[in-house]
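Below: one structure, written as structure tokens.
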Amino acid sequence: MRFSLRFNNDMPATRFARLAALAEDSGFDQIWVSNDLFFQSAAVLIAAAATDTKRIALGAGVFNPVSMRAPEIAMVAASLNELSGGRFRLGLGAGADRFLAWAGLDRAPPVVRARAALRELRDLFAGRTPEGFSPAARLWAAPVEIPLYVGAMGRRMLELAGELADGALPLLFPPEHFRAARRHVADGAARAGRDLTGLDIAACVWCSIADDAAAARRAMAAKIAYYGPSFAPELLKRAGLSTAHFAAIEDALAAGQPNLAADLVTPEMLGLGIVGNAEAVLARCMSLVSAGADHISFGPPLGPDPERSIVTLGRAVVPVLRAAGRNEYDTLDI
């Protein structure tokens with residue numbers, strides 16, 4: 001099994017580099033960082049982490065082809081891959097319309113823009129000129145092997161991952177959505193004449209782990225309040241929620257009241273992620289193992305103290321899940 005950590009790009013580069021080194025020391029295989037607009041540049045964060053680590057894979061999760069077009073994404077990816085000694089992983093998403101609208105960015109339909117960017121990146125990495133580009137449009141570093149992942153929540157984007165990508169980063173809200181997400185990836189792969197062999201499907205969960213249950217819930221509530229309104233309606237529906245449930249939270253955020261927004265997060269909303277101590281996290285993650293997940297990715301906020309959370313996950317959670325994977329999912333009392 002593989003295990004990874006995911007972070008938001010809301011911290012200084014020096015801190016992200018320290019967290020990456022701690023993740024490497026704690027036995028994780030990959031670390032990913034978002035590239036949400038108006039925060040820190042994921043490229044800079046990954047460059048800092050590359051100099052402080054030796055083994056762990058470093059991923060951008062994810063770039064979008066609206067605020068950053070495919071040629072520039074390819075340039076950044078090739079440079080980071082060189083700097084990290086081939087450890088870079090490129091995540092691509094359509095970009096959340098809610099956040100793109102903040103910047104006044106025009107956009108094509110999500111799957112259309114993501115598909116076009118994936119094909120352009122494939123061509124550029126292979127040393128080919130993408131369709132519609134000038135013949136002079138060639139990537140300086142090509143050919144270069146950089147695994148391409150698709151970050152997704154909805155069915156059509158997950159199918160696109162199966163069709164064109166090397167991996168998928170399905171955001172599981174709630175975690176029990178993994179079986180359906182994997183099926184969507186498999187459907188896309190089948191239509192493209194592919195199977196899932198070699199395709200890295202990460203079960204991407206949000207996690208807040210701490211012995212202090214109230215502190216763990218509060219850390220998760222802050223993240224749910226900020227990102228919840230942009231979650232795919234079909235995923236919210238699985239948890240008995242809709243975007244309408246987040247209206248008051250959005251109003252609080254718009255009024256500059258993040259603490260009030262977090263107060264408005266309900267237990268049902270918290271259920272979109274995994275909250276609690278090591279035993280509680282293990283209990284829900286075991287269901288992912290039994291569903292066939294061979295890559296579990298723990299995402300923000302990780303906990304009220306992310307450094308302590310990384311160590312706890314590495315010592316108390318990951319070894320048990322690795323053992324479950326080695327036992328081929330059928331010998332544990334889940």
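Chain labels follow the order of the structure tokens: the first chain is A, the next B, and so on; residue numbering restarts at 1 in every chain, and ligands are counted from 1 in their shown order.
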
(request) Excluding stretch 61-67 of chain A and residues on its chain fewer than 4 positions from it, collect all residues at most 8 Å away from it, counting only C-alpha atoms, and give them as a list in words. (result) Arg6, Trp32, Val33, Ser34, Asn35, Ile73, Leu90, Gly91, Leu92, Gly93, Ala94, Gly95, Leu100, Leu105, Asp106, Arg107, Arg113, Ala114, Ala117, Val150 and Gly151 of chain A

Go ahead and write the residues just picked, C-alpha atoms, as a PDB file, in the first residue's frame.
ATOM      1  CA  ARG A   6      -2.066  16.543   1.433  1.00  0.00           C
ATOM      2  CA  TRP A  32       0.837  16.848  -2.065  1.00  0.00           C
ATOM      3  CA  VAL A  33       0.106  20.547  -1.809  1.00  0.00           C
ATOM      4  CA  SER A  34      -2.774  22.504  -3.303  1.00  0.00           C
ATOM      5  CA  ASN A  35      -2.422  25.511  -5.573  1.00  0.00           C
ATOM      6  CA  ILE A  73       2.150  24.109 -16.241  1.00  0.00           C
ATOM      7  CA  LEU A  90       1.580  16.608 -11.464  1.00  0.00           C
ATOM      8  CA  GLY A  91      -2.029  16.884 -10.390  1.00  0.00           C
ATOM      9  CA  LEU A  92      -4.455  18.620 -12.734  1.00  0.00           C
ATOM     10  CA  GLY A  93      -7.992  19.717 -11.956  1.00  0.00           C
ATOM     11  CA  ALA A  94     -10.623  21.714 -13.786  1.00  0.00           C
ATOM     12  CA  GLY A  95     -10.522  24.487 -11.191  1.00  0.00           C
ATOM     13  CA  LEU A 100     -12.066  31.221 -10.473  1.00  0.00           C
ATOM     14  CA  LEU A 105     -11.549  34.316 -15.037  1.00  0.00           C
ATOM     15  CA  ASP A 106     -13.518  33.052 -18.031  1.00  0.00           C
ATOM     16  CA  ARG A 107     -13.754  29.319 -18.358  1.00  0.00           C
ATOM     17  CA  ARG A 113     -10.953  22.380 -20.235  1.00  0.00           C
ATOM     18  CA  ALA A 114      -9.381  19.553 -18.232  1.00  0.00           C
ATOM     19  CA  ALA A 117      -5.078  20.448 -20.927  1.00  0.00           C
ATOM     20  CA  VAL A 150      -6.518  14.146 -12.132  1.00  0.00           C
ATOM     21  CA  GLY A 151      -8.019  15.748  -9.054  1.00  0.00           C
TER      22      GLY A 151
END

Per residue of stretch 190-287 of chain A within 8 Å of stretch 301-323 of chain A, note the shortest atom pair and the distance in Å to one decimal, counting only C-alpha atoms, and order the rows by chain and increasing residue number, as CSV.
residue,atom,partner,partner_atom,distance
A:Trp206,CA,A:Pro301,CA,7.0
A:Cys207,CA,A:Leu302,CA,4.9
A:Ser208,CA,A:Gly303,CA,4.0
A:Ile209,CA,A:Gly303,CA,4.9
A:Ala210,CA,A:Gly303,CA,6.2
A:Ala215,CA,A:Pro304,CA,6.2
A:Ala216,CA,A:Gly303,CA,5.7
A:Arg218,CA,A:Pro304,CA,7.9
A:Ala219,CA,A:Pro304,CA,5.4
A:Met220,CA,A:Pro301,CA,6.1
A:Lys223,CA,A:Pro301,CA,6.7
A:Ala278,CA,A:Val317,CA,6.4
A:Val281,CA,A:Val317,CA,7.6
A:Leu282,CA,A:Val317,CA,6.1
A:Cys285,CA,A:Leu321,CA,7.8
A:Met286,CA,A:Leu321,CA,7.1

With N, CA and C atoms retained, export the selected residues as a PDB file, in the first residue's frame.
ATOM      1  N   TRP A 206     -10.328  13.733   4.050  1.00  0.00           N
ATOM      2  CA  TRP A 206      -9.954  14.805   4.959  1.00  0.00           C
ATOM      3  C   TRP A 206      -9.912  14.215   6.359  1.00  0.00           C
ATOM      4  N   CYS A 207      -8.892  14.588   7.109  1.00  0.00           N
ATOM      5  CA  CYS A 207      -8.647  13.958   8.402  1.00  0.00           C
ATOM      6  C   CYS A 207      -8.268  15.017   9.431  1.00  0.00           C
ATOM      7  N   SER A 208      -8.784  14.873  10.630  1.00  0.00           N
ATOM      8  CA  SER A 208      -8.358  15.696  11.759  1.00  0.00           C
ATOM      9  C   SER A 208      -8.179  14.763  12.942  1.00  0.00           C
ATOM     10  N   ILE A 209      -6.930  14.465  13.265  1.00  0.00           N
ATOM     11  CA  ILE A 209      -6.622  13.480  14.293  1.00  0.00           C
ATOM     12  C   ILE A 209      -5.988  14.169  15.500  1.00  0.00           C
ATOM     13  N   ALA A 210      -6.523  13.859  16.694  1.00  0.00           N
ATOM     14  CA  ALA A 210      -5.999  14.401  17.942  1.00  0.00           C
ATOM     15  C   ALA A 210      -6.648  13.657  19.089  1.00  0.00           C
ATOM     16  N   ALA A 215     -10.860  19.699  19.929  1.00  0.00           N
ATOM     17  CA  ALA A 215      -9.874  20.397  19.094  1.00  0.00           C
ATOM     18  C   ALA A 215      -9.836  19.808  17.694  1.00  0.00           C
ATOM     19  N   ALA A 216      -9.972  18.483  17.605  1.00  0.00           N
ATOM     20  CA  ALA A 216      -9.998  17.834  16.288  1.00  0.00           C
ATOM     21  C   ALA A 216     -11.209  18.287  15.490  1.00  0.00           C
ATOM     22  N   ARG A 218     -12.887  21.106  15.837  1.00  0.00           N
ATOM     23  CA  ARG A 218     -12.780  22.517  15.483  1.00  0.00           C
ATOM     24  C   ARG A 218     -11.877  22.723  14.280  1.00  0.00           C
ATOM     25  N   ALA A 219     -10.768  21.989  14.227  1.00  0.00           N
ATOM     26  CA  ALA A 219      -9.856  22.107  13.087  1.00  0.00           C
ATOM     27  C   ALA A 219     -10.546  21.678  11.796  1.00  0.00           C
ATOM     28  N   MET A 220     -11.329  20.604  11.861  1.00  0.00           N
ATOM     29  CA  MET A 220     -12.050  20.151  10.674  1.00  0.00           C
ATOM     30  C   MET A 220     -13.149  21.134  10.291  1.00  0.00           C
ATOM     31  N   LYS A 223     -12.031  23.964   8.004  1.00  0.00           N
ATOM     32  CA  LYS A 223     -11.819  23.575   6.605  1.00  0.00           C
ATOM     33  C   LYS A 223     -13.143  23.330   5.887  1.00  0.00           C
ATOM     34  N   ALA A 278      -6.608   8.185  17.098  1.00  0.00           N
ATOM     35  CA  ALA A 278      -6.059   7.190  16.168  1.00  0.00           C
ATOM     36  C   ALA A 278      -7.020   6.031  15.951  1.00  0.00           C
ATOM     37  N   VAL A 281      -9.837   7.108  13.577  1.00  0.00           N
ATOM     38  CA  VAL A 281      -9.349   7.216  12.198  1.00  0.00           C
ATOM     39  C   VAL A 281      -9.156   5.837  11.593  1.00  0.00           C
ATOM     40  N   LEU A 282      -8.580   4.930  12.357  1.00  0.00           N
ATOM     41  CA  LEU A 282      -8.390   3.562  11.861  1.00  0.00           C
ATOM     42  C   LEU A 282      -9.723   2.897  11.533  1.00  0.00           C
ATOM     43  N   CYS A 285     -10.837   4.156   8.202  1.00  0.00           N
ATOM     44  CA  CYS A 285      -9.914   3.826   7.115  1.00  0.00           C
ATOM     45  C   CYS A 285      -9.920   2.344   6.793  1.00  0.00           C
ATOM     46  N   MET A 286     -10.236   1.498   7.756  1.00  0.00           N
ATOM     47  CA  MET A 286     -10.312   0.067   7.481  1.00  0.00           C
ATOM     48  C   MET A 286     -11.375  -0.224   6.434  1.00  0.00           C
TER      49      MET A 286
END

(request) Measuring atom to atom with only C-alpha atoms, identify which of A:Ser230, A:Ser41, A:Ser84, A:Ser79 is nearest to A:Met153. (result) A:Ser230

(request) Kindly give the distance, in Å, that separates atom CA of A:Ala168 and atom CA of A:Tyr149, rounded to a single decimal. (result)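 Atom CA of A:Tyr149 lies at a distance of 5.0 Å from atom CA of A:Ala168.
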
(request) May I ask for the distance between atom CA of A:Arg115 and atom CA of A:Asp187, given in Å to one decimal place? (result)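 Separating atom CA of A:Arg115 from atom CA of A:Asp187 is a distance of 16.0 Å.
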
(request) Return the single residue from A:Met75, A:Ala60, A:Leu272, A:Leu19 that is closest to A:Leu235, with distances computed using only C-alpha atoms. (result)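 Between A:Met75, A:Ala60, A:Leu272, A:Leu19, the residue approaching A:Leu235 most closely is A:Leu272.
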
(message) To one decimal place in Å, what is the distance between atom CA of A:Leu270 and atom CA of A:Phe38?
(response) 25.6 Å

(request) For each of A:Ala221, A:Ile296, A:Ala239, A:Val112, take the minimum atom-to-atom distance to A:Leu260, counting only C-alpha atoms, then give the residue where this is smallest. (result) A:Ala221

(message) Residues of stretch 16-175 of chain A classed as strand (DSSP E or B) by DSSP on the backbone are to be reported as a VMD selection string.
(response) chain A and resid 30 to 33 57 to 63 88 to 92 148 to 152 167 to 171

(request) Quick one: everything within 7 Å of A:Leu158, counting only C-alpha atoms, minus sequence neighbours fewer than 5 positions away in the same chain. Send it as a list of chain:residue names. (result)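 So, after excluding close chain neighbours, the residues are A:Ala152, A:Ala181, A:His184, A:Val185.
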
(request) Check the smallest atom-to-atom distance from each of A:Ala324, A:Ala50, A:Ala225, A:Ala202 to A:Ser297 using only C-alpha atoms, then report the winner. (result)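 That would be A:Ala202, the residue with the smallest distance to A:Ser297.
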
(message) Excluding A:Thr266 and its own-chain neighbours fewer than 3 positions away, which residues fall within 10 Å of it when counting only C-alpha atoms? Please give them as a PyMOL selection string.
(response) chain A and resi 221+224-225+245-246+262-263+269-271

Would you save the residues of that selection, restricted to N, CA and C atoms, as a PDB file, in the first residue's frame?
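That gives us again00.pdb:
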ATOM      1  N   ALA A 221     -13.821  21.691  11.273  1.00  0.00           N
ATOM      2  CA  ALA A 221     -14.914  22.618  10.989  1.00  0.00           C
ATOM      3  C   ALA A 221     -14.428  23.829  10.200  1.00  0.00           C
ATOM      4  N   ILE A 224     -14.060  22.645   6.556  1.00  0.00           N
ATOM      5  CA  ILE A 224     -15.361  22.369   5.951  1.00  0.00           C
ATOM      6  C   ILE A 224     -16.076  23.675   5.644  1.00  0.00           C
ATOM      7  N   ALA A 225     -15.979  24.656   6.541  1.00  0.00           N
ATOM      8  CA  ALA A 225     -16.648  25.938   6.322  1.00  0.00           C
ATOM      9  C   ALA A 225     -16.116  26.635   5.083  1.00  0.00           C
ATOM     10  N   HIS A 245     -27.374  24.001   2.434  1.00  0.00           N
ATOM     11  CA  HIS A 245     -27.028  23.891   3.845  1.00  0.00           C
ATOM     12  C   HIS A 245     -25.843  24.779   4.215  1.00  0.00           C
ATOM     13  N   PHE A 246     -25.081  25.210   3.218  1.00  0.00           N
ATOM     14  CA  PHE A 246     -23.890  26.014   3.478  1.00  0.00           C
ATOM     15  C   PHE A 246     -24.134  27.510   3.272  1.00  0.00           C
ATOM     16  N   ALA A 262     -17.248  28.554  11.186  1.00  0.00           N
ATOM     17  CA  ALA A 262     -16.892  27.251  11.757  1.00  0.00           C
ATOM     18  C   ALA A 262     -17.934  26.797  12.778  1.00  0.00           C
ATOM     19  N   ASP A 263     -18.484  27.751  13.553  1.00  0.00           N
ATOM     20  CA  ASP A 263     -19.524  27.407  14.529  1.00  0.00           C
ATOM     21  C   ASP A 263     -20.753  26.816  13.853  1.00  0.00           C
ATOM     22  N   MET A 269     -22.012  17.683   8.557  1.00  0.00           N
ATOM     23  CA  MET A 269     -20.957  18.228   7.712  1.00  0.00           C
ATOM     24  C   MET A 269     -19.599  17.674   8.126  1.00  0.00           C
ATOM     25  N   LEU A 270     -19.359  17.560   9.424  1.00  0.00           N
ATOM     26  CA  LEU A 270     -18.092  17.004   9.904  1.00  0.00           C
ATOM     27  C   LEU A 270     -17.914  15.568   9.415  1.00  0.00           C
ATOM     28  N   GLY A 271     -19.029  14.868   9.209  1.00  0.00           N
ATOM     29  CA  GLY A 271     -18.960  13.483   8.735  1.00  0.00           C
ATOM     30  C   GLY A 271     -18.405  13.351   7.331  1.00  0.00           C
TER      31      GLY A 271
END

What are the DSSP alpha helix (DSSP H) residues of stretch 105-309 of chain A, as a short mmCIF file (atom, residue, chain, number, x, y, z; two decimals) with N, CA and C atoms, in the first residue's frame?
data_model
loop_
_atom_site.label_atom_id
_atom_site.label_comp_id
_atom_site.auth_asym_id
_atom_site.auth_seq_id
_atom_site.Cartn_x
_atom_site.Cartn_y
_atom_site.Cartn_z
N PRO A 110 -15.98 22.44 -17.20
CA PRO A 110 -14.86 21.82 -16.48
C PRO A 110 -14.19 20.64 -17.18
N VAL A 111 -14.98 19.67 -17.63
CA VAL A 111 -14.37 18.49 -18.24
C VAL A 111 -13.71 18.85 -19.57
N VAL A 112 -14.30 19.76 -20.31
CA VAL A 112 -13.74 20.19 -21.59
C VAL A 112 -12.36 20.79 -21.39
N ARG A 113 -12.24 21.71 -20.44
CA ARG A 113 -10.95 22.38 -20.23
C ARG A 113 -9.91 21.42 -19.66
N ALA A 114 -10.33 20.50 -18.80
CA ALA A 114 -9.38 19.55 -18.23
C ALA A 114 -8.90 18.56 -19.28
N ARG A 115 -9.80 18.07 -20.12
CA ARG A 115 -9.41 17.13 -21.17
C ARG A 115 -8.41 17.76 -22.13
N ALA A 116 -8.68 19.00 -22.56
CA ALA A 116 -7.78 19.68 -23.49
C ALA A 116 -6.40 19.86 -22.86
N ALA A 117 -6.37 20.24 -21.59
CA ALA A 117 -5.08 20.45 -20.93
C ALA A 117 -4.31 19.14 -20.77
N LEU A 118 -4.99 18.06 -20.43
CA LEU A 118 -4.32 16.76 -20.30
C LEU A 118 -3.66 16.36 -21.61
N ARG A 119 -4.38 16.51 -22.70
CA ARG A 119 -3.81 16.14 -24.00
C ARG A 119 -2.63 17.03 -24.37
N GLU A 120 -2.74 18.33 -24.09
CA GLU A 120 -1.63 19.24 -24.38
C GLU A 120 -0.40 18.89 -23.54
N LEU A 121 -0.62 18.57 -22.27
CA LEU A 121 0.51 18.22 -21.41
C LEU A 121 1.16 16.91 -21.86
N ARG A 122 0.36 15.94 -22.24
CA ARG A 122 0.92 14.68 -22.75
C ARG A 122 1.83 14.96 -23.95
N ASP A 123 1.35 15.77 -24.87
CA ASP A 123 2.14 16.09 -26.05
C ASP A 123 3.43 16.82 -25.67
N LEU A 124 3.32 17.81 -24.82
CA LEU A 124 4.50 18.59 -24.45
C LEU A 124 5.53 17.74 -23.73
N PHE A 125 5.09 16.88 -22.82
CA PHE A 125 6.03 16.01 -22.11
C PHE A 125 6.72 15.03 -23.06
N ALA A 126 6.01 14.63 -24.12
CA ALA A 126 6.58 13.68 -25.09
C ALA A 126 7.44 14.35 -26.14
N ARG A 155 -18.37 12.52 -11.21
CA ARG A 155 -18.26 11.33 -12.04
C ARG A 155 -17.47 11.57 -13.32
N ARG A 156 -17.79 12.64 -14.05
CA ARG A 156 -17.18 12.84 -15.36
C ARG A 156 -15.68 13.11 -15.26
N MET A 157 -15.26 13.83 -14.24
CA MET A 157 -13.83 14.07 -14.07
C MET A 157 -13.10 12.79 -13.65
N LEU A 158 -13.76 11.97 -12.84
CA LEU A 158 -13.15 10.69 -12.47
C LEU A 158 -13.02 9.77 -13.68
N GLU A 159 -14.03 9.77 -14.55
CA GLU A 159 -13.94 8.99 -15.78
C GLU A 159 -12.80 9.50 -16.65
N LEU A 160 -12.59 10.81 -16.67
CA LEU A 160 -11.49 11.39 -17.44
C LEU A 160 -10.15 10.90 -16.92
N ALA A 161 -10.03 10.77 -15.62
CA ALA A 161 -8.79 10.23 -15.04
C ALA A 161 -8.52 8.83 -15.55
N GLY A 162 -9.55 8.00 -15.59
CA GLY A 162 -9.37 6.65 -16.11
C GLY A 162 -9.01 6.62 -17.57
N GLU A 163 -9.51 7.60 -18.31
CA GLU A 163 -9.28 7.66 -19.75
C GLU A 163 -7.86 8.11 -20.10
N LEU A 164 -7.36 9.14 -19.41
CA LEU A 164 -6.15 9.81 -19.89
C LEU A 164 -5.00 9.91 -18.88
N PHE A 178 -15.53 5.83 -1.75
CA PHE A 178 -14.42 5.28 -2.53
C PHE A 178 -14.87 4.27 -3.57
N ARG A 179 -15.74 3.35 -3.22
CA ARG A 179 -16.15 2.32 -4.19
C ARG A 179 -16.73 2.95 -5.45
N ALA A 180 -17.59 3.94 -5.27
CA ALA A 180 -18.20 4.60 -6.43
C ALA A 180 -17.16 5.36 -7.23
N ALA A 181 -16.25 6.04 -6.54
CA ALA A 181 -15.21 6.80 -7.24
C ALA A 181 -14.33 5.87 -8.06
N ARG A 182 -13.93 4.76 -7.50
CA ARG A 182 -13.09 3.80 -8.22
C ARG A 182 -13.83 3.24 -9.42
N ARG A 183 -15.12 3.02 -9.28
CA ARG A 183 -15.91 2.50 -10.39
C ARG A 183 -15.97 3.51 -11.54
N HIS A 184 -16.08 4.79 -11.21
CA HIS A 184 -16.10 5.81 -12.26
C HIS A 184 -14.76 5.86 -13.00
N VAL A 185 -13.66 5.75 -12.27
CA VAL A 185 -12.34 5.72 -12.91
C VAL A 185 -12.25 4.51 -13.83
N ALA A 186 -12.72 3.36 -13.34
CA ALA A 186 -12.67 2.13 -14.14
C ALA A 186 -13.53 2.25 -15.39
N ASP A 187 -14.68 2.92 -15.30
CA ASP A 187 -15.55 3.10 -16.47
C ASP A 187 -14.83 3.92 -17.54
N GLY A 188 -14.17 4.98 -17.13
CA GLY A 188 -13.43 5.81 -18.08
C GLY A 188 -12.29 5.05 -18.72
N ALA A 189 -11.60 4.25 -17.92
CA ALA A 189 -10.49 3.46 -18.46
C ALA A 189 -11.00 2.44 -19.47
N ALA A 190 -12.12 1.79 -19.16
CA ALA A 190 -12.66 0.77 -20.06
C ALA A 190 -13.05 1.36 -21.41
N ARG A 191 -13.66 2.54 -21.40
CA ARG A 191 -14.05 3.17 -22.66
C ARG A 191 -12.84 3.55 -23.51
N ALA A 213 -10.78 15.55 21.35
CA ALA A 213 -11.83 15.43 20.34
C ALA A 213 -12.39 16.79 19.93
N ALA A 214 -12.55 17.69 20.87
CA ALA A 214 -13.10 19.01 20.54
C ALA A 214 -12.15 19.79 19.65
N ALA A 215 -10.86 19.70 19.93
CA ALA A 215 -9.87 20.40 19.09
C ALA A 215 -9.84 19.81 17.69
N ALA A 216 -9.97 18.48 17.61
CA ALA A 216 -10.00 17.83 16.29
C ALA A 216 -11.21 18.29 15.49
N ARG A 217 -12.37 18.36 16.15
CA ARG A 217 -13.58 18.80 15.45
C ARG A 217 -13.46 20.25 15.00
N ARG A 218 -12.89 21.11 15.84
CA ARG A 218 -12.78 22.52 15.48
C ARG A 218 -11.88 22.72 14.28
N ALA A 219 -10.77 21.99 14.23
CA ALA A 219 -9.86 22.11 13.09
C ALA A 219 -10.55 21.68 11.80
N MET A 220 -11.33 20.60 11.86
CA MET A 220 -12.05 20.15 10.67
C MET A 220 -13.15 21.13 10.29
N ALA A 221 -13.82 21.69 11.27
CA ALA A 221 -14.91 22.62 10.99
C ALA A 221 -14.43 23.83 10.20
N ALA A 222 -13.24 24.32 10.51
CA ALA A 222 -12.71 25.48 9.79
C ALA A 222 -12.52 25.16 8.31
N LYS A 223 -12.03 23.96 8.00
CA LYS A 223 -11.82 23.58 6.61
C LYS A 223 -13.14 23.33 5.89
N ILE A 224 -14.06 22.64 6.56
CA ILE A 224 -15.36 22.37 5.95
C ILE A 224 -16.08 23.67 5.64
N ALA A 225 -15.98 24.66 6.54
CA ALA A 225 -16.65 25.94 6.32
C ALA A 225 -16.12 26.64 5.08
N TYR A 226 -14.80 26.59 4.88
CA TYR A 226 -14.21 27.32 3.76
C TYR A 226 -14.48 26.64 2.43
N TYR A 227 -14.34 25.31 2.39
CA TYR A 227 -14.42 24.60 1.12
C TYR A 227 -15.78 23.96 0.85
N PRO A 233 -22.38 18.81 -5.73
CA PRO A 233 -23.69 18.50 -5.15
C PRO A 233 -23.96 17.01 -5.02
N GLU A 234 -23.48 16.23 -6.00
CA GLU A 234 -23.76 14.80 -5.94
C GLU A 234 -23.08 14.14 -4.75
N LEU A 235 -21.91 14.69 -4.34
CA LEU A 235 -21.24 14.13 -3.17
C LEU A 235 -21.92 14.57 -1.89
N LEU A 236 -22.31 15.82 -1.83
CA LEU A 236 -23.02 16.30 -0.65
C LEU A 236 -24.31 15.51 -0.43
N LYS A 237 -24.98 15.16 -1.53
CA LYS A 237 -26.24 14.43 -1.43
C LYS A 237 -26.05 13.09 -0.73
N ARG A 238 -24.90 12.45 -0.96
CA ARG A 238 -24.64 11.16 -0.31
C ARG A 238 -24.60 11.29 1.21
N ALA A 247 -25.38 27.90 3.02
CA ALA A 247 -25.67 29.30 2.71
C ALA A 247 -25.28 30.22 3.86
N ALA A 248 -25.66 29.87 5.07
CA ALA A 248 -25.33 30.72 6.22
C ALA A 248 -23.83 30.77 6.46
N ILE A 249 -23.17 29.66 6.18
CA ILE A 249 -21.70 29.62 6.33
C ILE A 249 -21.05 30.56 5.32
N GLU A 250 -21.54 30.52 4.08
CA GLU A 250 -21.00 31.44 3.06
C GLU A 250 -21.23 32.89 3.46
N ASP A 251 -22.39 33.19 4.02
CA ASP A 251 -22.67 34.56 4.44
C ASP A 251 -21.69 35.00 5.53
N ALA A 252 -21.39 34.09 6.45
CA ALA A 252 -20.46 34.43 7.53
C ALA A 252 -19.06 34.68 6.99
N LEU A 253 -18.65 33.86 6.04
CA LEU A 253 -17.33 34.05 5.45
C LEU A 253 -17.27 35.37 4.68
N ALA A 254 -18.32 35.65 3.93
CA ALA A 254 -18.37 36.90 3.16
C ALA A 254 -18.32 38.11 4.08
N PRO A 258 -14.87 34.13 10.05
CA PRO A 258 -14.53 32.71 9.91
C PRO A 258 -14.87 31.88 11.14
N ASN A 259 -14.77 32.48 12.33
CA ASN A 259 -15.09 31.72 13.54
C ASN A 259 -16.59 31.39 13.59
N LEU A 260 -17.42 32.35 13.20
CA LEU A 260 -18.85 32.07 13.13
C LEU A 260 -19.14 31.01 12.09
N ALA A 261 -18.45 31.08 10.95
CA ALA A 261 -18.65 30.08 9.90
C ALA A 261 -18.34 28.69 10.42
N ALA A 262 -17.25 28.55 11.19
CA ALA A 262 -16.89 27.25 11.76
C ALA A 262 -17.93 26.80 12.78
N ASP A 263 -18.48 27.75 13.55
CA ASP A 263 -19.52 27.41 14.53
C ASP A 263 -20.75 26.82 13.85
N PRO A 267 -22.65 18.45 12.80
CA PRO A 267 -22.05 17.11 12.85
C PRO A 267 -22.15 16.37 11.52
N GLU A 268 -23.26 16.57 10.79
CA GLU A 268 -23.41 15.91 9.48
C GLU A 268 -22.32 16.40 8.51
N MET A 269 -22.01 17.68 8.56
CA MET A 269 -20.96 18.23 7.71
C MET A 269 -19.60 17.67 8.13
N LEU A 270 -19.36 17.56 9.42
CA LEU A 270 -18.09 17.00 9.90
C LEU A 270 -17.91 15.57 9.41
N ALA A 278 -6.61 8.18 17.10
CA ALA A 278 -6.06 7.19 16.17
C ALA A 278 -7.02 6.03 15.95
N GLU A 279 -7.70 5.60 17.02
CA GLU A 279 -8.62 4.47 16.88
C GLU A 279 -9.80 4.83 15.98
N ALA A 280 -10.30 6.06 16.11
CA ALA A 280 -11.43 6.48 15.28
C ALA A 280 -11.02 6.59 13.82
N VAL A 281 -9.84 7.11 13.58
CA VAL A 281 -9.35 7.22 12.20
C VAL A 281 -9.16 5.84 11.59
N LEU A 282 -8.58 4.93 12.36
CA LEU A 282 -8.39 3.56 11.86
C LEU A 282 -9.72 2.90 11.53
N ALA A 283 -10.71 3.11 12.37
CA ALA A 283 -11.99 2.45 12.16
C ALA A 283 -12.59 2.80 10.80
N ARG A 284 -12.50 4.08 10.41
CA ARG A 284 -13.08 4.46 9.12
C ARG A 284 -12.15 4.11 7.97
N CYS A 285 -10.84 4.16 8.20
CA CYS A 285 -9.91 3.83 7.12
C CYS A 285 -9.92 2.34 6.79
N MET A 286 -10.24 1.50 7.76
CA MET A 286 -10.31 0.07 7.48
C MET A 286 -11.38 -0.22 6.43
N SER A 287 -12.43 0.59 6.41
CA SER A 287 -13.45 0.37 5.39
C SER A 287 -12.90 0.66 4.00
N LEU A 288 -11.94 1.57 3.90
CA LEU A 288 -11.30 1.85 2.62
C LEU A 288 -10.46 0.67 2.17
N VAL A 289 -9.74 0.08 3.11
CA VAL A 289 -8.93 -1.10 2.78
C VAL A 289 -9.83 -2.24 2.32
N SER A 290 -10.94 -2.46 3.02
CA SER A 290 -11.84 -3.55 2.64
C SER A 290 -12.50 -3.28 1.29
N PRO A 306 -0.62 19.93 13.13
CA PRO A 306 -0.28 19.07 11.99
C PRO A 306 0.99 18.25 12.20
N GLU A 307 2.00 18.83 12.85
CA GLU A 307 3.23 18.06 13.08
C GLU A 307 2.95 16.82 13.93
N ARG A 308 2.21 17.01 15.02
CA ARG A 308 1.87 15.87 15.87
C ARG A 308 0.98 14.89 15.12
N SER A 309 0.09 15.40 14.29
CA SER A 309 -0.79 14.52 13.51
C SER A 309 0.00 13.64 12.56
#

(request) For each of A:Ile31, A:Asp212, A:Gln257, A:Asn8, take the minimum atom-to-atom distance to A:Asn277, counting only C-alpha atoms, then give the residue where this is smallest. (result)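 Nearest to A:Asn277: A:Asp212.
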
(request) Name the closest residue to A:Asp195 among the candidates A:Ala49, A:Ala165, A:Ala244, A:Ile146; distances are taken between atoms, counting only C-alpha atoms. (result)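 Answer, going by the shortest atom-to-atom distance: A:Ala165.
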